[in-house]
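The structure under discussion appears below in the form of structure tokens.
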Amino acid sequence: MITDPRVFRDDHLPRELKHREAEIEDLSHALDPALAGRPAADVLLAGPSGVGKTALARHTLGKLDQFATVAHTHIQCLGESTTDVLQAALDDLPGHSATDAASVDDLRVALREAVDQPAILVLDEADSLPETDVLDVLDDVPLVSFIAVVHDPQRWLSRAPDAVRRAVSGPIQLGRYGVDELSSILRARANVGLRPSVVSDDQLRGIADEVAGVARSGIQVLRAAAEVASERGHARIHDTDIEDAYERAQHRIRRSKLYSLTFHHHVLYGLVHEAGEVPAGELHDRYDAVGEQMYYGRERTPVGRRSRRNKLRKLVEYELVEAVGDSKSRVYRVVDESVTPSLDSGMCVESVESDDAGNTTSF
């Protein structure tokens, strides 16, 4: 029933981004100066998980490429240090040789010397940057601009340096789709990725309504429904196939989110998963007790309590863990016990999607 599985992948970029015309125009306007050899504006791109923030950035930069050659690169900031992000910028921007610079100041100088044409960095998960000196450095490199992709724009702005906060454009805010909008997106995916006439418009509207306008969820439910229908020998997708697809889709999404996170996140998630439910204080005690053993032989070392709280916030934001109660009496518990942690962190989504049996190293 599925004829082209690529269109159901999170990293698939359709030729047209439906119902994001205004946001594309706003971002294009901010980037236009790069076409004339001037630095683009720094932009804050915000919205909840699954609404297409990264896709919007990639799509708009692709449109820019149709008019002029402007250097741009995508940097995943989650779990990365300031030097990691700056080194990635130097390594990834075309025409710039790798550097052995080890300090932030060295990387600042290297960037200033290397970048002689406008360059745009997409800082994905920019609200997870542990420090703000990345932004200070980028602000000091005249031809480098960034698109900061975040969930919570106000929290990001509250941490940004004053100069960056005053200059940044936006936020360009992406909300959830309406039912009609998402159903048309699902129809476009179905037309490319499924056999003809296997799903009705009413069924697509029902999916769009049930997932409350979150594109990633709708696309994965459609994919799972087609899989269930095929397994049951159905020639088309039945309503019962869709009903039974939601759990599979959510499981797949949660696994993909978990395996996109760092080893630190996996250790914390594993402790919550193992306990079933654990008070915050006890969770920190457990982390301290296993830290040396869990990190033995790895480049990374255990993190402090502040960093742990930030990583737990990301687990909650990704709907992998629930946090109940205020800061003094908070209790953590996993949302889906069938989603198990992996000690082989940094697994790409492709690996997860190709191995739905869950063959990973468990916590």
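Every chain in the structure tokens takes a letter, A first, then B, and so on in the order presented; its residues are numbered from 1, and the ligands are numbered from 1 following the presented order.
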For Arg189 in chain A, list every protein, DNA or RNA residue within 9 Å, evaluated using only C-alpha atoms, and leave out those in the same chain fewer than 3 positions away; present the list as a ChimeraX atom specification.
/A:7-8,14,184-186,192-194,219
Using the chain letters and numbers from this document, which residues of range 96-192 of chain A does DSSP assign to strand (DSSP E), as JSON, numbers by chain?
{"A": [119, 120, 121, 122, 123, 124, 144, 145, 146, 147, 148, 149, 150, 169, 170, 171, 172, 173]}
Just N, CA, C and O atoms for this one: save the residues we selected as a tab-separated table (two decimals), in the first residue's frame.
chain	number	residue	atom	x	y	z
A	119	ALA	N	26.99	34.36	5.01
A	119	ALA	CA	26.77	32.96	5.38
A	119	ALA	C	25.66	32.90	6.41
A	119	ALA	O	25.55	33.79	7.27
A	120	ILE	N	24.83	31.87	6.31
A	120	ILE	CA	23.66	31.74	7.19
A	120	ILE	C	23.74	30.40	7.91
A	120	ILE	O	23.90	29.36	7.29
A	121	LEU	N	23.63	30.45	9.24
A	121	LEU	CA	23.64	29.24	10.06
A	121	LEU	C	22.23	28.99	10.57
A	121	LEU	O	21.62	29.88	11.17
A	122	VAL	N	21.72	27.79	10.35
A	122	VAL	CA	20.47	27.37	10.98
A	122	VAL	C	20.84	26.70	12.30
A	122	VAL	O	21.46	25.63	12.31
A	123	LEU	N	20.51	27.34	13.41
A	123	LEU	CA	20.81	26.81	14.74
A	123	LEU	C	19.57	26.07	15.24
A	123	LEU	O	18.68	26.66	15.85
A	124	ASP	N	19.50	24.79	14.94
A	124	ASP	CA	18.33	24.00	15.32
A	124	ASP	C	18.40	23.66	16.81
A	124	ASP	O	19.47	23.40	17.34
A	144	VAL	N	28.22	36.74	9.05
A	144	VAL	CA	27.50	35.54	9.48
A	144	VAL	C	26.18	35.93	10.12
A	144	VAL	O	26.13	36.79	11.01
A	145	SER	N	25.10	35.29	9.66
A	145	SER	CA	23.77	35.48	10.25
A	145	SER	C	23.23	34.12	10.68
A	145	SER	O	23.75	33.09	10.26
A	146	PHE	N	22.21	34.14	11.51
A	146	PHE	CA	21.66	32.87	11.97
A	146	PHE	C	20.14	32.87	11.94
A	146	PHE	O	19.50	33.92	12.01
A	147	ILE	N	19.59	31.66	11.81
A	147	ILE	CA	18.17	31.40	12.04
A	147	ILE	C	18.11	30.52	13.27
A	147	ILE	O	18.52	29.36	13.23
A	148	ALA	N	17.64	31.05	14.38
A	148	ALA	CA	17.54	30.29	15.62
A	148	ALA	C	16.18	29.62	15.67
A	148	ALA	O	15.15	30.28	15.71
A	149	VAL	N	16.18	28.29	15.65
A	149	VAL	CA	14.95	27.51	15.68
A	149	VAL	C	14.69	27.09	17.12
A	149	VAL	O	15.48	26.35	17.72
A	150	VAL	N	13.58	27.58	17.69
A	150	VAL	CA	13.33	27.38	19.13
A	150	VAL	C	11.88	26.99	19.36
A	150	VAL	O	11.02	27.15	18.51
A	169	SER	N	15.32	39.52	14.31
A	169	SER	CA	14.00	39.69	13.72
A	169	SER	C	13.07	38.59	14.23
A	169	SER	O	13.49	37.47	14.50
A	170	GLY	N	11.80	38.92	14.32
A	170	GLY	CA	10.82	37.93	14.74
A	170	GLY	C	10.39	38.13	16.19
A	170	GLY	O	10.54	39.22	16.74
A	171	PRO	N	9.84	37.09	16.78
A	171	PRO	CA	9.84	35.74	16.23
A	171	PRO	C	8.83	35.53	15.10
A	171	PRO	O	7.74	36.09	15.11
A	172	ILE	N	9.27	34.75	14.10
A	172	ILE	CA	8.32	34.21	13.13
A	172	ILE	C	7.72	32.98	13.80
A	172	ILE	O	8.40	31.99	14.04
A	173	GLN	N	6.45	33.08	14.12
A	173	GLN	CA	5.80	32.07	14.95
A	173	GLN	C	4.99	31.10	14.09
A	173	GLN	O	4.11	31.52	13.34
Nearest residue to Val290 in chain A from the set A:Arg306, A:Leu271, A:Pro48, A:Lys63 (distances using only C-alpha atoms)
A:Leu271
Name the closest residue to Ala226 in chain A among the candidates A:Arg195, A:Arg108, A:His72, A:His264; distances are taken between atoms, counting only C-alpha atoms.
A:Arg195
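The helix (DSSP H, G or I) portion of range 133-165 of chain A consists of Asp133, Val134, Leu135, Asp136, Val137, Leu138, Asp139, Pro153, Gln154, Arg155, Trp156, Leu157, Ser158, Arg159, Asp162, Ala163, Val164 and Arg165 of chain A, with states taken from DSSP on the backbone.
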